[in-house]
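Chemist: Please read through the structure below; I'll follow up with questions.
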Amino acid sequence: MLHIAHQFYGEVAATADGRTGRFLVADETGLGKSVVARGVIAHAIDALRAERPDKPINVVYICSNQDLARQNIRRLNVSDDRLAEINTRLTMLATEGRALTRGRQTGAGELNLVSFTPGTSFSNGGMRQGKGNERALIALLLERLLQPSPDDWVRILRLLRGWIDNVGRFRDRHVANLRADLEEHGIDPQIEESFGRIADETGALGRFTALVSRIDLTQSQELPDDIWHAMQDSIAELRHALAKAGVETLRPDLIILDEFQRFRHLLDSTQDSEAAELAQHLFQRGDARVLLLSATPYKPFTRGDEEGDHYKDFLSVVRFLAGGAPGAELPVRNALEEYRRALTRDGDVASAAKAVRDRLLPFMTRAERPEVVEGESLVQERPLAVKSPTSDDLLGWVGLRKLADAVDSPLELDRWKSVPYFANYMDGYKLGQDVTERLEQDAASIEQLLAQTQSLPRDVQEPGASVDAGNAKLRAFIEATVGQGWWRAIWVPPSMPYLEPGANYAPLHEHGMTKQVVFSSWSAVPTSVAALVSREAMRMRVTRKDGAAADNESTLHSLDYKMAATGAPQSMSALTLFWPHPGIADLGDPVRAARRQGSRVSSDALLQAIRQSLPVEDAGEAWHAFFGAAGAIPAELSNTTKALRALGDHRPNWKSALRQHMTEAISVALKSGSAARSSHRWLPDLAALSPGNSAYRALRTIAGPQVSDSELWAAAFVLAQGLRTLFNRGETVVLLNTLDDMAGLGDRPYWQKVLSYCADGNLQAVLDEYLFQLHKDRGGEELDGAALMEVAEQAGEVLGLQRVNYRARRVDVERTPVDIGARWALRYGDANVRSTSDSGEQRQANVRAAFNSPFAPFVLTSTSAGQEGMDFHWWSHAVVHWNLPSNPVDFEQREGRVNRFAGHAIRKNVAEQHWQDVLGCDVISPWEAAFDAAVEASQGKGDFAPWWVYPGSSRIHRVLTNFPLSVDESRYAQLKRDLVLYRLTLGQPRQEDMLELLASRGVTGNEVPSIDLSAPRH
């Protein structure tokens, strides 16, 4: 980042020919390009504050989708100030009047951040009329601009309603709602003025008003064809004028384009498109610097049969970086041609490589992680034990082949090898479409052929029914995950346990459980695998020791807050689980216990130590002893009203059962005073193991010094309610009941089972690790009470992730839908949801956030939708290649999802190496202590340690699913060779030919210099 800052703001930037104001960070996947961007923003603030101290600093962040924006936007805030964060469409920027006004009025040197996605702001695709709220905004702008008569206002609404059924619906649901939303802050005046001017200068306004005059109010609302098509063109013109007005209003100092390869057309100033025009107008605003982020800004390697002109793309990117003028890329192109000649003709490769480096470094760098750490590879191959197909599998293939032939539809062998029960998951494929069409013509024969395929059994929706995986790869995968006891887990084992793991979690620790990311080139694989793996995990959970399935009805609402007929609270024991108790939380702190002993402690030893410090007298009921213990609530929350006020938006409804239970708890606490007079057999367990106290202690490890006792308690209460959702879930209740049954523990209250499970699985250590990650994701800044509550809310939302139903279809004439519920394994990227769908993207954001937590899902399945830009590494260091990609770059992209900053493997290694450092200090956060020790131990070991690489027994798992003796083995061998050599072909045409030539000459990639684009030291 120092090199970029030097190019943007240093001495070289002061000379007219010393910089272009554009720079590309092309670091290898997973090396923290967003961290670099954060550093560049910090340097920009310092430089611009010195240059113009009286103005704010404006950053525009553009990325490919809203989920990526949500993932990265907070990381880019290097300021302690609350940002003017705007995440919208360019066409809707005018509705952000409050944030825009705040941005313009911001004090000296403060940061404003605006984010866009090209699919909604710059795209030429989709319908010309746009979305209803865009047309509603245009209507309100035209109303102010034209001041139409009542009749002309109706004509305007007729034109702008688009596909909406009638004018009344458009007026009442879209225009009226938007008018109400804008009542307080109004339409941004600068954008309003710019829109009117642009629409007038371009003639768009005149063409629209001409259309208005042609509308006959005495006729039907349906527009004649000629007016309809003219209306579409006119709305498109007005939308473009509105977007351009938004661009003109922005005054960016720094523009960040993240994963821009997905919208590289915006960089080409020669393209005759409205999208490129808008983007270029933004790039050329004032003295804005442009920072591009992408591990694959151009396709680094392509084979001869792949689509796209990678060479042209590479030179186009270089031309943009070099200023955009025609021929600006020629010096780089000539240097690359000389490098190719040197490589292939025994020339001076080192000098040629250095010449390319010198040409590119003014506007491009690329960092690459080391392949080995202390002599060992960072990546460990883990071949899945895939067995040969069964006879049923082969018969299923024969049946599927007959079906495909009968409907004259293509069917690849690799698809059958990959997709379990493909006959049930054909939606979206040509075979599925052809079968549906033929069923309408010849139902009897097609149904007969469908019956010969391998298909889901009739009882697949019965939780306890045993269902074969229907696919050799899936059988092996289920055996490697669910079959290893993973079904017992409701969270991933912590990387740094404080207590000795119990009977359920000890095998998971030994196995090295880590979440699995599954990539496949077939779109049916993510759905079918997620559904069937989730189903098998649930089957194991409901199966009792005697083999019978548990009664699901008996598991519902075990932790609900219930009221007696008399109005008295009946579930006080449940409340004790999720009530943060500051007075006894320290007494049960497992970290302090481990530090006293100098090692991990058993839960029995911890509880015995607590018991010795408590009164002997039995309170009769655990909840009486719990709330009667001193310090049950912070002193400033001396009554229910104050406690509820501290919860803010999370306070329960005045007549809710939870509120009544809270009132009773506080009443008992206040009556008991400052000294506890009695105890209970389960009070030590509640002190040490309850989710409420674990949440309290975990939040305390990240709270800033200014957080008050009441703010910490309120945040812990909110997080604990999220944990209640987890433990009150039917599938969790049935699991804990099954585990008790298998252990022969007999029947006991469910709240006691929860405490035992928290001890077994080290919930405290799990929460400490999770909150450490959430804190680092926010930049590690000091948290005040409001920010701490935001972290608690974020974690609580993850715990509330809803189950999803994945749809299959039976092999009958009706193709009857079959829904299989899933949460244990989920799909990322829905093939049926457009990238511009807010609801679809929000669902994917929720799935990603849950996967980046220790809680379900434990398996994430995806196609290329999850292959670029997304973080899946917080609790995963395993990538399952369900199908091998054809390109080595795609291979790296997949594994880069889990090989990232402070990932699961890194944390495991840091914990393994520095547990004794944690025990030997008094730092409140065990993870801060561990990484402080790792940073100290990494002195002199390079820039990547300890956050990206660190020695230890954990590695990135490359899980291969090749069939025995299949062509996949030779494909993989070729991929590994290409992984070594492809970097030699940077910016070269005919790359595959070049690789073959180098291989034929015995070049391995290790003995010849490649092009080094690592940043120079400043």
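Labels for the structure tokens follow display order: chains A, B, ..., residues from 1 in each chain, ligands from 1.
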May I have the residues within 7 Å of Met789 in chain A as an MDAnalysis selection string, using only C-alpha atoms and disregarding those fewer than 4 positions away in the same chain?

Modeler: chainID A and resid 715 785 793

Chemist: Mind listing the helix (DSSP H, G or I) residues of range 260-444 of chain A, per DSSP on the backbone, as a ChimeraX atom specification?

Modeler: /A:260-267,274-283,310-321,330-344,349-360,391-406,413-418,422-424,430-441,443-444

Chemist: Taking the backbone alone, and naming residues the way the document does, which bits of range 613-816 of chain A are strand (DSSP E or B) by DSSP, as a list in words?

Modeler: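 Output for range 613-816 of chain A, strand (DSSP E or B) only: Asp618, Ser679, Ala703, Leu783, Val804, Asn805, Tyr806, Arg807, Ala808 and Arg809 of chain A.
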
Chemist: Which polymer residues have any atom within 10 Å of an atom of Ile446 in chain A, counting only C-alpha atoms, with same-chain residues fewer than 3 positions away left out, as a list in words?

Modeler: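 What passes the distance filter is Leu403, Ala406, Val407, Val435, Thr436, Arg438, Leu439, Glu440, Gln441, Asp442, Ala443, Leu449, Leu450, Ala451, Val811, Asp812 and Val813 of chain A.
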
Chemist: My list of candidates is A:Leu712, A:Arg158, A:Pro497, A:Leu250. Which is closest to Glu912 in chain A when distances are computed with only C-alpha atoms?

Modeler: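 When distances to Glu912 in chain A are compared using only C-alpha atoms, the smallest one comes from A:Pro497.
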
Chemist: Distance CA of Leu142 in chain A-CA of Ala210 in chain A, one decimal place?

Modeler: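 CA of Ala210 in chain A lies at a distance of 13.6 Å from CA of Leu142 in chain A.
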
Chemist: What is the CA of Gln284 in chain A-CA of Asp313 in chain A distance in Å, reported with one decimal?

Modeler: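 It comes out at 21.3 Å.
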
Chemist: Please identify all polymer residues within 8 Å of Ser690 in chain A, counting only C-alpha atoms, omitting same-chain residues fewer than 4 positions from it, and present them as a ChimeraX atom specification.

Modeler: /A:576-578,685-686,694,755,758

Chemist: Would you output that residue set with C-alpha atoms, as an mmCIF file, in the first residue's frame?

Modeler:
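Below is the file that was written, result27.cif:
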data_model
loop_
_atom_site.group_PDB
_atom_site.id
_atom_site.type_symbol
_atom_site.label_atom_id
_atom_site.label_comp_id
_atom_site.auth_asym_id
_atom_site.auth_seq_id
_atom_site.Cartn_x
_atom_site.Cartn_y
_atom_site.Cartn_z
ATOM 1 C CA THR A 576 -31.460 -18.554 33.718
ATOM 2 C CA LEU A 577 -29.756 -20.063 30.656
ATOM 3 C CA PHE A 578 -29.914 -16.828 28.691
ATOM 4 C CA ASP A 685 -23.031 -24.979 35.868
ATOM 5 C CA LEU A 686 -25.057 -21.834 35.286
ATOM 6 C CA SER A 694 -20.743 -17.099 27.982
ATOM 7 C CA LEU A 755 -25.675 -26.810 30.030
ATOM 8 C CA CYS A 758 -22.196 -26.206 26.332
#

Chemist: Which residue, A:Lys545, A:Leu330, A:Phe116, A:Glu376, has the smallest gap to Leu745 in chain A when you use only C-alpha atoms?

Modeler: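 Counting only C-alpha atoms, the residue closest to Leu745 in chain A is A:Lys545.
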
Chemist: Give me, as a ChimeraX atom specification, all polymer residues having an atom no more than 12 Å from Gly428 in chain A, counting only C-alpha atoms and skipping those fewer than 3 positions away in the same chain.

Modeler: /A:422,424-425,431-436,522-524,527,808,830-832

Chemist: As JSON, numbers by chain, please: the residues near Glu368 in chain A (cut-off 9 Å, only C-alpha atoms, same-chain neighbours under 3 positions excluded).

Modeler: {"A": [27, 28, 29, 31, 371, 1014]}

Chemist: May I have the residues within 6 Å of range 598-603 of chain A as a PyMOL selection string, using only C-alpha atoms and disregarding those fewer than 3 positions away in the same chain?

Modeler: chain A and resi 498-500+594-595+606

Chemist: Using N, CA, C and O atoms, can you export the residues from the last selection as a PDB file, in the first residue's frame?

Modeler:
ATOM      1  N   TYR A 498     -10.835 -24.168  26.002  1.00  0.00           N
ATOM      2  CA  TYR A 498     -10.356 -23.921  27.366  1.00  0.00           C
ATOM      3  C   TYR A 498     -10.622 -25.129  28.255  1.00  0.00           C
ATOM      4  O   TYR A 498      -9.873 -25.389  29.196  1.00  0.00           O
ATOM      5  N   LEU A 499     -11.709 -25.844  27.960  1.00  0.00           N
ATOM      6  CA  LEU A 499     -12.067 -27.041  28.704  1.00  0.00           C
ATOM      7  C   LEU A 499     -11.731 -28.275  27.870  1.00  0.00           C
ATOM      8  O   LEU A 499     -11.721 -28.217  26.638  1.00  0.00           O
ATOM      9  N   GLU A 500     -11.475 -29.369  28.538  1.00  0.00           N
ATOM     10  CA  GLU A 500     -11.266 -30.617  27.809  1.00  0.00           C
ATOM     11  C   GLU A 500     -12.554 -30.972  27.076  1.00  0.00           C
ATOM     12  O   GLU A 500     -13.626 -31.002  27.677  1.00  0.00           O
ATOM     13  N   ALA A 594      -8.272 -22.030  33.497  1.00  0.00           N
ATOM     14  CA  ALA A 594      -7.167 -22.627  32.749  1.00  0.00           C
ATOM     15  C   ALA A 594      -5.853 -21.934  33.083  1.00  0.00           C
ATOM     16  O   ALA A 594      -4.796 -22.576  33.204  1.00  0.00           O
ATOM     17  N   ARG A 595      -5.896 -20.611  33.265  1.00  0.00           N
ATOM     18  CA  ARG A 595      -4.678 -19.876  33.599  1.00  0.00           C
ATOM     19  C   ARG A 595      -4.192 -20.243  35.001  1.00  0.00           C
ATOM     20  O   ARG A 595      -2.983 -20.343  35.240  1.00  0.00           O
ATOM     21  N   LEU A 606     -13.640 -27.674  36.998  1.00  0.00           N
ATOM     22  CA  LEU A 606     -14.067 -26.279  37.044  1.00  0.00           C
ATOM     23  C   LEU A 606     -15.295 -26.132  37.943  1.00  0.00           C
ATOM     24  O   LEU A 606     -15.352 -25.245  38.808  1.00  0.00           O
TER      25      LEU A 606
END

Chemist: Find the residue from A:Lys515, A:His680, A:His281, A:Arg52 that sits nearest to Phe855 in chain A; use only C-alpha atoms when measuring.

Modeler: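 Smallest separation from Phe855 in chain A among the options: A:Lys515.
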
Chemist: Any chance you could tabulate, as a tab-separated table, the residues of range 490-595 of chain A at most 12 Å from range 626-634 of chain A with each one's nearest atom pair and distance in Å to one decimal, using only C-alpha atoms, in chain and rising number order?

Modeler:
residue	atom	partner	partner_atom	distance
A:Met572	CA	A:Phe627	CA	9.7
A:Ser573	CA	A:Phe626	CA	9.3
A:Ala574	CA	A:Phe626	CA	11.7
A:Leu575	CA	A:Phe627	CA	10.0
A:Thr576	CA	A:Phe626	CA	7.0
A:Leu577	CA	A:Phe626	CA	9.9
A:Phe578	CA	A:Phe626	CA	11.7
A:Trp579	CA	A:Ala632	CA	8.5
A:Pro580	CA	A:Ala632	CA	7.6
A:His581	CA	A:Ala632	CA	4.7
A:Pro582	CA	A:Gly631	CA	5.8
A:Gly583	CA	A:Gly631	CA	4.0
A:Ile584	CA	A:Gly631	CA	7.4
A:Ala585	CA	A:Ala632	CA	9.5
A:Asp586	CA	A:Gly631	CA	11.0
A:Leu587	CA	A:Ala629	CA	11.5

Chemist: Can I get the selection written as a short mmCIF file (atom, residue, chain, number, x, y, z; two decimals), in the first residue's frame, with C-alpha atoms?

Modeler:
data_model
loop_
_atom_site.label_atom_id
_atom_site.label_comp_id
_atom_site.auth_asym_id
_atom_site.auth_seq_id
_atom_site.Cartn_x
_atom_site.Cartn_y
_atom_site.Cartn_z
CA MET A 572 -37.71 -19.28 34.99
CA SER A 573 -35.22 -22.13 34.59
CA ALA A 574 -35.11 -21.42 30.86
CA LEU A 575 -34.51 -17.73 31.57
CA THR A 576 -31.46 -18.55 33.72
CA LEU A 577 -29.76 -20.06 30.66
CA PHE A 578 -29.91 -16.83 28.69
CA TRP A 579 -29.55 -14.21 31.41
CA PRO A 580 -26.11 -12.56 31.64
CA HIS A 581 -25.23 -12.59 35.37
CA PRO A 582 -22.25 -10.23 35.98
CA GLY A 583 -22.03 -11.28 39.63
CA ILE A 584 -21.17 -14.94 38.99
CA ALA A 585 -19.84 -14.73 35.40
CA ASP A 586 -16.29 -14.16 36.65
CA LEU A 587 -16.64 -17.01 39.12
#

Chemist: Out of A:Ala295, A:Leu735, A:Val935, A:Leu178, which residue has the shortest atom-to-atom distance to Gly32 in chain A when counting only C-alpha atoms?

Modeler: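 Of all the options, A:Ala295 lies closest to Gly32 in chain A.
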
Chemist: Restricting the calculation to only C-alpha atoms, which member of A:Leu267, A:Cys921, A:Ala350, A:Val398 is positioned closest to Arg319 in chain A?

Modeler: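 Going through A:Leu267, A:Cys921, A:Ala350, A:Val398 one by one, the smallest distance to Arg319 in chain A is for A:Leu267.
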
Chemist: Which one is closest to Ala47 in chain A: A:Ala241, A:Val379, A:Ile73, A:Leu254? Count only C-alpha atoms.

Modeler: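 Once distances to Ala47 in chain A are computed over only C-alpha atoms, the minimum belongs to A:Leu254.
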
Chemist: If I take CA of Thr453 in chain A and CA of Arg415 in chain A, how far is one from the other in Å, to one decimal?

Modeler: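 Here the two named atoms are 14.2 Å from each other.
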